[in-house]
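Visitor: This is model_33.tsv (TSV, C-alpha atoms).
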chain	number	residue	atom	x	y	z
A	1	MET	CA	-0.18	-30.92	-4.06
A	2	VAL	CA	-1.62	-27.52	-3.28
A	3	ILE	CA	0.57	-27.11	-0.21
A	4	TYR	CA	3.70	-27.18	-2.39
A	5	GLY	CA	2.54	-23.97	-3.99
A	6	VAL	CA	1.66	-22.35	-0.67
A	7	GLY	CA	4.99	-23.53	0.74
A	8	LEU	CA	6.92	-22.09	-2.21
A	9	LEU	CA	5.12	-18.77	-1.76
A	10	ALA	CA	5.79	-18.77	1.99
A	11	ALA	CA	9.47	-19.58	1.50
A	12	CYS	CA	9.87	-16.73	-1.01
A	13	TYR	CA	8.01	-14.36	1.31
A	14	LEU	CA	10.13	-15.20	4.36
A	15	ALA	CA	13.40	-15.07	2.42
A	16	GLY	CA	12.48	-11.68	0.94
A	17	VAL	CA	11.37	-10.13	4.22
A	18	PHE	CA	14.50	-11.50	5.91
A	19	LEU	CA	16.77	-9.92	3.29
A	20	GLY	CA	14.77	-6.68	3.49
A	21	ASP	CA	15.30	-6.54	7.25
A	22	LEU	CA	19.02	-7.28	6.85
A	23	LEU	CA	19.28	-4.56	4.21
A	24	GLY	CA	17.54	-2.12	6.56
A	25	ARG	CA	19.95	-2.98	9.33
A	26	LEU	CA	22.91	-2.70	6.99
A	27	ILE	CA	22.10	0.89	6.03
A	28	GLY	CA	21.00	1.69	9.56
A	29	VAL	CA	17.26	2.39	9.21
A	30	GLN	CA	14.42	1.07	11.38
A	31	ALA	CA	12.53	-0.29	8.41
A	32	ASN	CA	12.34	-3.19	6.04
A	33	VAL	CA	13.95	-2.17	2.76
A	34	GLY	CA	12.27	-3.77	-0.23
A	35	GLY	CA	11.48	-7.07	1.49
A	36	VAL	CA	8.24	-7.62	-0.39
A	37	GLY	CA	9.83	-6.62	-3.69
A	38	ILE	CA	12.72	-9.04	-3.15
A	39	ALA	CA	10.23	-11.79	-2.25
A	40	MET	CA	8.35	-11.11	-5.49
A	41	LEU	CA	11.56	-11.42	-7.49
A	42	PHE	CA	12.27	-14.76	-5.79
A	43	LEU	CA	8.78	-16.02	-6.65
A	44	ILE	CA	9.06	-14.87	-10.28
A	45	LEU	CA	12.50	-16.47	-10.74
A	46	ALA	CA	11.61	-19.68	-8.86
A	47	SER	CA	8.33	-20.27	-10.68
A	48	ASP	CA	9.97	-19.46	-14.00
A	49	ALA	CA	12.71	-22.01	-13.39
A	50	LEU	CA	10.21	-24.65	-12.24
A	51	ILE	CA	7.89	-24.08	-15.22
A	52	LYS	CA	10.81	-24.44	-17.64
A	53	ARG	CA	11.66	-27.80	-16.09
A	54	GLY	CA	8.01	-28.84	-16.08
A	55	ARG	CA	8.05	-29.16	-12.30
A	56	LEU	CA	5.18	-26.79	-11.52
A	57	LYS	CA	2.05	-28.93	-11.66
A	58	PRO	CA	-1.40	-27.28	-11.97
A	59	GLN	CA	-2.25	-28.22	-8.38
A	60	THR	CA	0.92	-26.60	-7.12
A	61	ARG	CA	0.04	-23.44	-9.02
A	62	GLU	CA	-3.37	-23.38	-7.38
A	63	GLY	CA	-1.66	-22.95	-4.03
A	64	VAL	CA	-0.18	-19.66	-5.23
A	65	ILE	CA	-3.11	-18.52	-7.35
A	66	PHE	CA	-5.53	-18.79	-4.44
A	67	TRP	CA	-3.53	-16.29	-2.38
A	68	SER	CA	-3.20	-13.98	-5.35
A	69	ALA	CA	-6.99	-14.07	-5.76
A	70	ILE	CA	-7.60	-13.37	-2.08
A	71	TYR	CA	-5.56	-10.19	-2.44
A	72	ILE	CA	-8.46	-7.79	-3.05
A	73	PRO	CA	-10.54	-9.00	-0.07
A	74	VAL	CA	-7.43	-8.58	2.09
A	75	ILE	CA	-7.08	-5.01	0.80
A	76	VAL	CA	-10.74	-4.35	1.65
A	77	ALA	CA	-10.04	-5.57	5.20
A	78	MET	CA	-6.94	-3.37	5.25
A	79	ALA	CA	-9.06	-0.35	4.26
A	80	ALA	CA	-11.54	-1.20	7.02
A	81	LYS	CA	-8.83	-1.05	9.68
A	82	GLN	CA	-7.29	2.30	8.68
A	83	ASN	CA	-7.21	5.10	11.21
A	84	VAL	CA	-9.48	7.35	9.15
A	85	ILE	CA	-10.40	9.43	12.20
A	86	ALA	CA	-6.75	10.35	12.85
A	87	ALA	CA	-6.30	11.33	9.21
A	88	LEU	CA	-9.25	13.73	9.45
A	89	LYS	CA	-8.31	14.99	12.92
A	90	GLY	CA	-4.89	16.09	11.65
A	91	GLY	CA	-6.67	19.22	10.51
A	92	PRO	CA	-6.16	21.33	7.39
A	93	MET	CA	-2.36	21.17	7.53
A	94	ALA	CA	-2.19	17.36	7.44
A	95	LEU	CA	-4.93	17.26	4.80
A	96	LEU	CA	-3.15	19.79	2.61
A	97	ALA	CA	0.30	18.19	3.02
A	98	GLY	CA	-1.03	14.73	2.18
A	99	ALA	CA	-3.28	15.90	-0.65
A	100	LEU	CA	-0.67	18.10	-2.36
A	101	ALA	CA	1.93	15.33	-2.16
A	102	THR	CA	-0.55	12.88	-3.71
A	103	VAL	CA	-1.68	15.16	-6.53
A	104	THR	CA	1.88	16.17	-7.43
A	105	CYS	CA	3.07	12.57	-7.56
A	106	PHE	CA	0.06	11.56	-9.68
A	107	ALA	CA	0.99	14.31	-12.14
A	108	LEU	CA	4.60	13.10	-12.30
A	109	VAL	CA	3.68	9.54	-13.37
A	110	PRO	CA	3.37	10.33	-17.12
A	111	VAL	CA	6.48	12.56	-16.98
A	112	ILE	CA	8.78	9.89	-15.57
A	113	SER	CA	7.10	7.14	-17.62
A	114	ARG	CA	8.61	8.81	-20.69
A	115	ILE	CA	12.11	7.73	-19.65
A	116	GLY	CA	13.18	4.97	-22.03
A	117	GLY	CA	9.99	4.95	-24.15
A	118	ALA	CA	6.35	4.24	-23.35
A	119	GLY	CA	5.22	0.87	-22.05
A	120	GLU	CA	2.86	-1.49	-23.87
A	121	PRO	CA	-0.71	-1.37	-22.47
A	122	LEU	CA	-1.90	-4.64	-20.96
A	123	PRO	CA	-4.36	-6.55	-23.16
A	124	GLU	CA	-8.09	-6.16	-22.48
A	125	PRO	CA	-8.94	-8.10	-19.33
A	126	ASP	CA	-10.87	-11.38	-19.45
A	127	ALA	CA	-13.92	-12.05	-17.32
A	128	GLU	CA	-13.70	-10.67	-13.80
A	129	ASP	CA	-11.98	-13.07	-11.43
A	130	LEU	CA	-12.12	-12.39	-7.76
B	1	MET	CA	-26.90	-17.67	28.23
B	2	GLY	CA	-28.86	-16.12	25.41
B	3	VAL	CA	-28.64	-16.88	21.73
B	4	LEU	CA	-27.07	-13.50	21.00
B	5	GLU	CA	-24.27	-13.98	23.50
B	6	THR	CA	-23.56	-17.42	22.10
B	7	LEU	CA	-23.44	-16.00	18.57
B	8	SER	CA	-21.14	-13.19	19.62
B	9	ASP	CA	-18.86	-15.70	21.38
B	10	VAL	CA	-18.66	-17.79	18.23
B	11	LEU	CA	-17.82	-14.73	16.11
B	12	VAL	CA	-15.18	-13.48	18.57
B	13	ASN	CA	-13.55	-16.87	19.10
B	14	ASN	CA	-13.31	-17.40	15.34
B	15	GLY	CA	-12.22	-13.88	14.48
B	16	LEU	CA	-10.37	-14.51	11.23
B	17	ILE	CA	-13.20	-16.66	9.84
B	18	THR	CA	-15.72	-14.00	10.83
B	19	ALA	CA	-13.61	-11.48	8.92
B	20	PHE	CA	-13.64	-13.71	5.81
B	21	ALA	CA	-17.44	-13.91	5.95
B	22	PHE	CA	-17.84	-10.20	6.63
B	23	VAL	CA	-15.48	-9.09	3.85
B	24	GLY	CA	-17.12	-11.61	1.53
B	25	ILE	CA	-20.46	-9.89	2.08
B	26	VAL	CA	-18.94	-6.40	1.65
B	27	VAL	CA	-17.28	-7.40	-1.64
B	28	TRP	CA	-20.47	-9.09	-2.88
B	29	LEU	CA	-22.61	-6.04	-2.14
B	30	SER	CA	-19.99	-3.75	-3.70
B	31	TYR	CA	-19.98	-5.69	-6.96
B	32	LEU	CA	-23.77	-5.65	-6.92
B	33	VAL	CA	-23.70	-1.85	-6.61
B	34	SER	CA	-20.99	-1.63	-9.28
B	35	ASN	CA	-22.99	-3.68	-11.79
B	36	ARG	CA	-26.51	-2.45	-11.04
B	37	LEU	CA	-26.01	1.22	-10.17
B	38	THR	CA	-22.91	2.20	-12.16
B	39	ALA	CA	-23.21	-0.38	-14.98
B	40	GLY	CA	-19.71	-1.54	-14.11
B	41	ARG	CA	-18.20	1.89	-14.72
B	42	ILE	CA	-16.86	2.12	-11.18
B	43	HIS	CA	-14.90	-1.04	-10.43
B	44	GLY	CA	-16.45	-3.29	-7.77
B	45	SER	CA	-13.17	-3.44	-5.87
B	46	ALA	CA	-12.96	0.38	-5.85
B	47	ILE	CA	-16.39	0.51	-4.22
B	48	ALA	CA	-15.44	-2.24	-1.77
B	49	ILE	CA	-12.31	-0.34	-0.69
B	50	LEU	CA	-14.32	2.86	-0.31
B	51	VAL	CA	-16.91	0.99	1.78
B	52	GLY	CA	-14.02	-0.39	3.86
B	53	LEU	CA	-12.77	3.14	4.56
B	54	VAL	CA	-16.23	4.37	5.50
B	55	LEU	CA	-16.62	1.39	7.84
B	56	ALA	CA	-13.20	2.19	9.32
B	57	TRP	CA	-14.45	5.70	10.03
B	58	VAL	CA	-17.61	4.30	11.64
B	59	GLY	CA	-15.52	1.90	13.74
B	60	GLY	CA	-13.29	4.74	14.88
B	61	GLU	CA	-16.27	6.92	15.80
B	62	VAL	CA	-18.01	4.12	17.71
B	63	THR	CA	-15.00	2.79	19.64
B	64	GLY	CA	-12.59	5.75	19.73
B	65	GLY	CA	-9.81	3.30	18.82
B	66	SER	CA	-7.17	3.55	16.11
B	67	ASP	CA	-7.84	0.35	14.15
B	68	GLY	CA	-11.12	1.27	12.52
B	69	LEU	CA	-13.62	-1.55	12.28
B	70	ALA	CA	-11.14	-3.98	13.86
B	71	ASP	CA	-11.70	-2.28	17.23
B	72	ILE	CA	-15.28	-3.57	17.31
B	73	THR	CA	-14.94	-6.79	19.31
B	74	VAL	CA	-16.83	-9.15	17.00
B	75	LEU	CA	-14.91	-7.82	13.99
B	76	GLY	CA	-11.46	-7.99	15.57
B	77	GLY	CA	-10.43	-10.53	12.93
B	78	ILE	CA	-10.44	-7.73	10.34
B	79	GLY	CA	-7.22	-6.60	12.01
B	80	LEU	CA	-5.50	-9.90	11.24
B	81	MET	CA	-7.00	-10.27	7.77
B	82	GLY	CA	-6.06	-6.71	6.79
B	83	GLY	CA	-2.78	-6.65	8.68
B	84	ALA	CA	0.68	-6.33	7.16
B	85	MET	CA	1.36	-10.10	7.20
B	86	LEU	CA	-1.52	-11.22	4.99
B	87	ARG	CA	-1.35	-8.04	2.92
B	88	ASP	CA	2.31	-8.59	2.03
B	89	PHE	CA	1.84	-12.35	1.58
B	90	THR	CA	-0.95	-11.84	-0.96
B	91	ILE	CA	0.98	-9.04	-2.69
B	92	VAL	CA	3.90	-11.44	-3.20
B	93	ALA	CA	1.44	-14.00	-4.59
B	94	THR	CA	0.27	-11.52	-7.25
B	95	ALA	CA	3.81	-11.61	-8.68
B	96	PHE	CA	3.14	-15.19	-9.85
B	97	GLY	CA	3.22	-15.18	-13.64
B	98	VAL	CA	4.76	-11.71	-13.90
B	99	ASN	CA	7.10	-11.18	-16.82
B	100	PHE	CA	10.61	-10.49	-15.54
B	101	ASP	CA	11.56	-8.59	-18.72
B	102	GLU	CA	8.83	-6.01	-17.99
B	103	ILE	CA	10.48	-5.27	-14.67
B	104	ARG	CA	13.92	-4.94	-16.21
B	105	ARG	CA	12.57	-2.61	-18.89
B	106	ALA	CA	11.34	-0.09	-16.26
B	107	GLY	CA	14.73	-0.15	-14.49
B	108	VAL	CA	16.02	3.44	-14.72
B	109	GLY	CA	12.56	5.01	-14.65
B	110	ALA	CA	11.66	3.06	-11.51
B	111	LEU	CA	14.82	4.26	-9.77
B	112	VAL	CA	14.17	7.88	-10.77
B	113	SER	CA	10.55	7.60	-9.61
B	114	LEU	CA	11.65	6.45	-6.17
B	115	LEU	CA	14.04	9.36	-5.69
B	116	VAL	CA	11.66	11.96	-7.13
B	117	GLY	CA	8.76	10.48	-5.14
B	118	VAL	CA	10.49	10.64	-1.76
B	119	LEU	CA	12.07	14.03	-2.44
B	120	GLY	CA	8.89	15.56	-3.91
B	121	SER	CA	6.60	14.49	-1.08
B	122	PHE	CA	9.14	15.60	1.46
B	123	VAL	CA	9.57	19.09	0.00
B	124	ILE	CA	5.81	19.58	-0.39
B	125	GLY	CA	5.11	18.42	3.17
B	126	ALA	CA	7.80	20.69	4.60
B	127	ALA	CA	6.57	23.66	2.53
B	128	VAL	CA	3.00	23.18	3.77
B	129	ALA	CA	4.28	22.96	7.35
B	130	ARG	CA	6.21	26.19	6.80
B	131	ALA	CA	3.06	27.88	5.44
B	132	PHE	CA	1.20	26.82	8.59
B	133	GLY	CA	3.75	28.54	10.80
B	134	TYR	CA	6.31	25.87	11.67
B	135	THR	CA	9.83	27.26	11.47
B	136	ASP	CA	12.14	24.80	13.27
B	137	ALA	CA	14.09	22.25	11.25
B	138	VAL	CA	12.91	19.28	13.35
B	139	SER	CA	9.18	19.94	12.82
B	140	LEU	CA	9.59	20.80	9.13
B	141	THR	CA	11.59	17.63	8.50
B	142	THR	CA	9.15	15.41	10.42
B	143	ILE	CA	6.01	16.71	8.71
B	144	GLY	CA	7.77	16.54	5.33
B	145	ALA	CA	8.69	12.93	6.07
B	146	GLY	CA	5.05	12.24	7.01
B	147	ALA	CA	3.95	13.44	3.58
B	148	ALA	CA	6.12	10.60	2.21
B	149	THR	CA	4.43	7.82	4.21
B	150	TYR	CA	2.94	7.49	7.68
B	151	ILE	CA	5.87	5.25	8.62
B	152	VAL	CA	8.64	7.55	7.39
B	153	GLY	CA	7.14	10.43	9.43
B	154	PRO	CA	7.29	8.93	12.93
B	155	VAL	CA	10.57	7.08	12.24
B	156	THR	CA	12.20	10.35	11.18
B	157	GLY	CA	10.52	12.33	13.95
B	158	SER	CA	11.68	10.04	16.73
B	159	ALA	CA	15.20	9.92	15.30
B	160	ILE	CA	15.61	13.71	15.36
B	161	GLY	CA	13.57	14.35	18.53
B	162	ALA	CA	10.29	15.85	17.29
B	163	SER	CA	7.42	16.53	19.72
B	164	SER	CA	4.63	13.97	19.89
B	165	GLU	CA	2.18	16.56	18.52
B	166	VAL	CA	4.30	17.01	15.39
B	167	ILE	CA	4.75	13.24	15.03
B	168	ALA	CA	0.96	12.82	15.21
B	169	LEU	CA	0.58	15.45	12.47
B	170	SER	CA	3.13	13.65	10.30
B	171	ILE	CA	1.20	10.38	10.70
B	172	ALA	CA	-2.03	12.19	9.79
B	173	ALA	CA	-0.44	13.64	6.63
B	174	GLY	CA	0.75	10.16	5.63
B	175	LEU	CA	-2.69	8.66	6.29
B	176	VAL	CA	-4.36	11.33	4.16
B	177	LYS	CA	-1.97	10.49	1.32
B	178	SER	CA	-2.53	6.76	1.67
B	179	ILE	CA	-6.33	7.13	1.64
B	180	MET	CA	-6.25	9.56	-1.29
B	181	VAL	CA	-4.07	7.22	-3.32
B	182	MET	CA	-6.37	4.30	-2.51
B	183	THR	CA	-9.53	6.10	-3.58
B	184	GLY	CA	-8.20	8.48	-6.25
B	185	THR	CA	-6.12	6.13	-8.40
B	186	PRO	CA	-8.95	4.47	-10.39
B	187	PHE	CA	-10.30	7.89	-11.35
B	188	ILE	CA	-7.04	9.39	-12.64
B	189	ALA	CA	-5.53	6.13	-13.98
B	190	LYS	CA	-6.48	6.90	-17.59
B	191	ALA	CA	-5.26	10.50	-17.45
B	192	ILE	CA	-1.79	9.52	-16.19
B	193	GLY	CA	-1.39	6.52	-18.51
B	194	LEU	CA	-1.62	3.92	-15.78
B	195	ASN	CA	-2.39	0.98	-18.07
B	196	ASN	CA	0.91	-0.83	-18.44
B	197	ALA	CA	3.56	-2.54	-16.36
B	198	LYS	CA	6.11	0.23	-16.76
B	199	SER	CA	3.92	3.15	-15.69
B	200	ALA	CA	2.63	1.00	-12.80
B	201	MET	CA	6.20	0.56	-11.54
B	202	ILE	CA	6.81	4.30	-11.81
B	203	TYR	CA	3.51	5.02	-10.08
B	204	GLY	CA	4.55	2.68	-7.23
B	205	GLY	CA	7.88	4.46	-6.86
B	206	LEU	CA	6.29	7.92	-6.90
B	207	MET	CA	3.43	7.24	-4.48
B	208	GLY	CA	5.34	4.91	-2.18
B	209	THR	CA	2.61	4.21	0.34
B	210	THR	CA	2.28	0.41	0.21
B	211	SER	CA	-1.33	0.38	1.39
B	212	GLY	CA	-2.27	3.24	-0.95
B	213	VAL	CA	-0.61	1.66	-3.96
B	214	ALA	CA	-1.97	-1.79	-3.10
B	215	GLY	CA	-5.51	-0.46	-2.78
B	216	GLY	CA	-5.29	2.00	-5.66
B	217	LEU	CA	-4.07	-0.57	-8.18
B	218	ALA	CA	-6.49	-3.22	-6.92
B	219	ALA	CA	-9.30	-0.79	-7.69
B	220	THR	CA	-7.86	0.04	-11.11
B	221	ASP	CA	-6.59	-3.21	-12.64
B	222	LYS	CA	-5.43	-6.06	-10.45
B	223	ARG	CA	-2.84	-7.13	-13.02
B	224	LEU	CA	-0.87	-3.93	-12.34
B	225	VAL	CA	-0.54	-4.69	-8.62
B	226	PRO	CA	2.74	-6.66	-8.67
B	227	TYR	CA	4.52	-3.98	-10.72
B	228	GLY	CA	3.45	-1.06	-8.52
B	229	ALA	CA	4.04	-2.97	-5.30
B	230	MET	CA	7.51	-3.99	-6.43
B	231	THR	CA	8.83	-0.41	-6.39
B	232	ALA	CA	6.62	0.92	-3.58
B	233	THR	CA	8.17	-1.60	-1.23
B	234	PHE	CA	11.53	0.20	-1.49
B	235	TYR	CA	10.07	3.64	-0.83
B	236	THR	CA	9.56	3.55	2.93
B	237	GLY	CA	13.06	2.18	3.48
B	238	LEU	CA	14.53	4.90	1.28
B	239	GLY	CA	12.48	7.55	3.10
B	240	CYS	CA	13.61	6.29	6.51
B	241	LEU	CA	17.17	6.44	5.24
B	242	LEU	CA	17.01	9.97	3.80
B	243	GLY	CA	14.58	11.61	6.26
B	244	PRO	CA	16.64	11.86	9.45
B	245	SER	CA	19.91	12.31	7.54
B	246	LEU	CA	20.15	14.15	4.24
B	247	PHE	CA	16.73	15.86	4.45
B	248	TYR	CA	17.22	16.94	8.02
B	249	PHE	CA	20.66	18.40	7.32
B	250	ALA	CA	19.37	20.20	4.23
B	251	VAL	CA	16.42	21.72	6.10
B	252	ARG	CA	18.66	22.72	8.99
B	253	ALA	CA	21.05	24.45	6.58
B	254	LEU	CA	18.11	26.31	5.03
B	255	VAL	CA	16.28	27.51	8.14
B	256	GLY	CA	19.27	27.67	10.44
What would the structure in this file look like if it were written as structure tokens?
Guide:
Amino acid sequence: MVIYGVGLLAACYLAGVFLGDLLGRLIGVQANVGGVGIAMLFLILASDALIKRGRLKPQTREGVIFWSAIYIPVIVAMAAKQNVIAALKGGPMALLAGALATVTCFALVPVISRIGGAGEPLPEPDAEDL
Amino acid sequence: MGVLETLSDVLVNNGLITAFAFVGIVVWLSYLVSNRLTAGRIHGSAIAILVGLVLAWVGGEVTGGSDGLADITVLGGIGLMGGAMLRDFTIVATAFGVNFDEIRRAGVGALVSLLVGVLGSFVIGAAVARAFGYTDAVSLTTIGAGAATYIVGPVTGSAIGASSEVIALSIAAGLVKSIMVMTGTPFIAKAIGLNNAKSAMIYGGLMGTTSGVAGGLAATDKRLVPYGAMTATFYTGLGCLLGPSLFYFAVRALVG
């Protein structure tokens, strides 16, 4: 059933965010530390284990795949609710600070990627799926 | 009651559904533009995200609020659809089918990228603040933290007692970064080798802004999203840890 997939995803999400909050509290910061990343690890490990045992039926997968496919529309909505005005109103200092930080970090990606050898490019994508 | 009022009531009372329909139209039009006007050279999702940002600007101008298009009453559902809950839920879903070995392979590099990313943004932000005439350790630290992400800025600022004007500036710096990462990534992806799981993880650790990375990778290649998001999710926590402590003490030692 589709809901099994959605339920699995929800359980991983909640467990990850919970651990992220605990981790934040443990090191004394007012922020979630890695909650989403931990949740992703849970989902990867759980689905891997279920697939190996043949317990992840196609319908169950659909419950996860749907939410993965709805990701880009959600990001479009996220873009549409950004405080763009405040970003521009920050004036030249905020613009320069943000822009220089961005450009520098972009430039560092290939430098740090060299650690431990280059990665394999992903294969050419199939037909667009949204 | 007129037809228009009834329609507006229906849209407001079913906010999230209205948002689905609205975003559906935006994405459809964006892919149309991508295919017809750019022959697919500029990714449809990149255009859609750009359109979203322009609409956010319009919403802010029209309403004077801080939530972009979501401040327009009939489009309030955009706030829920684009909020942190659904964003993070769908990000986690993209991890489905990810190869765990790829993540392990990036291990050391990902860790280095996080440290360099937080430190680099912080130093640059503080240096720019210094160039614009700020000299006290609290303001320099807060604006530097804002250049990391727009969450690290205010968290750091309130912890060390920055003025609300400086906190607002730190949020603005973080917003600029997030928007630049969102819109700039697809255009520089090739130049910085952003075409594999490993570089995506390093990119996530260096940029750190979850919304920027989420949007930037979505506009580049959706399959890279889980890798970049995985590391980016640790960035804000690390920044909130280092900002009011190590960074603040270092800046205070430097400027007295």
Visitor: Is it possible to get the axis-aligned box enclosing segment 36-45 of chain B (all listed atoms, 4 Å extra per side) as lines of an AutoDock Vina configuration file, with centre and edge lengths in Å rounded to one decimal?
Guide:
center_x = -19.8
center_y = -0.6
center_z = -10.4
size_x = 21.3
size_y = 13.6
size_z = 17.1
Visitor: Which residues are near Val98 of chain B? Cut-off 9 Å, only C-alpha atoms, ignore same chain within fewer than 4 positions. Put them as a ChimeraX atom specification.
Guide: /A:44 /B:94,102-103,223,226-227
Visitor: Kindly indicate which residue among B:Asn99, B:Thr183, B:Asn196, B:Thr210 lies nearest to Ser45 of chain B, using all atoms listed in the file for the distances.
Guide: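 Closest to Ser45 of chain B of all the choices is B:Thr183.
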Visitor: Please identify all polymer residues within 7 Å of segment 86-102 of chain A, counting all atoms listed in the file, omitting same-chain residues fewer than 2 positions from it, and present them as a CSV table (one decimal) with C-alpha atoms, keeping the file's coordinate frame.
Guide:
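Contents of the output file part-v5.csv:
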chain,number,residue,atom,x,y,z
A,83,ASN,CA,-7.2,5.1,11.2
A,84,VAL,CA,-9.5,7.4,9.2
A,104,THR,CA,1.9,16.2,-7.4
A,105,CYS,CA,3.1,12.6,-7.6
A,106,PHE,CA,0.1,11.6,-9.7
B,121,SER,CA,6.6,14.5,-1.1
B,124,ILE,CA,5.8,19.6,-0.4
B,125,GLY,CA,5.1,18.4,3.2
B,128,VAL,CA,3.0,23.2,3.8
B,129,ALA,CA,4.3,23.0,7.4
B,132,PHE,CA,1.2,26.8,8.6
B,147,ALA,CA,4.0,13.4,3.6
B,169,LEU,CA,0.6,15.4,12.5
B,172,ALA,CA,-2.0,12.2,9.8
B,173,ALA,CA,-0.4,13.6,6.6
B,174,GLY,CA,0.8,10.2,5.6
B,175,LEU,CA,-2.7,8.7,6.3
B,176,VAL,CA,-4.4,11.3,4.2
B,177,LYS,CA,-2.0,10.5,1.3
B,181,VAL,CA,-4.1,7.2,-3.3
B,207,MET,CA,3.4,7.2,-4.5
Visitor: Tell me which of B:Val251, B:Leu37, B:Leu238, B:Val10 sits closest to Ile143 of chain B, counting all atoms listed in the file.
Guide: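 The answer is B:Val251, which sits nearest to Ile143 of chain B.
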Visitor: Show which residues sit within 7 Å of Tyr13 of chain A, as a list in words. Count only C-alpha atoms, and ignore same-chain residues fewer than 2 positions away.
Guide: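 Returned residues: Leu9, Ala10, Ala11, Ala15, Gly16, Val17, Val36 and Ala39 of chain A; Phe89 and Val92 of chain B.
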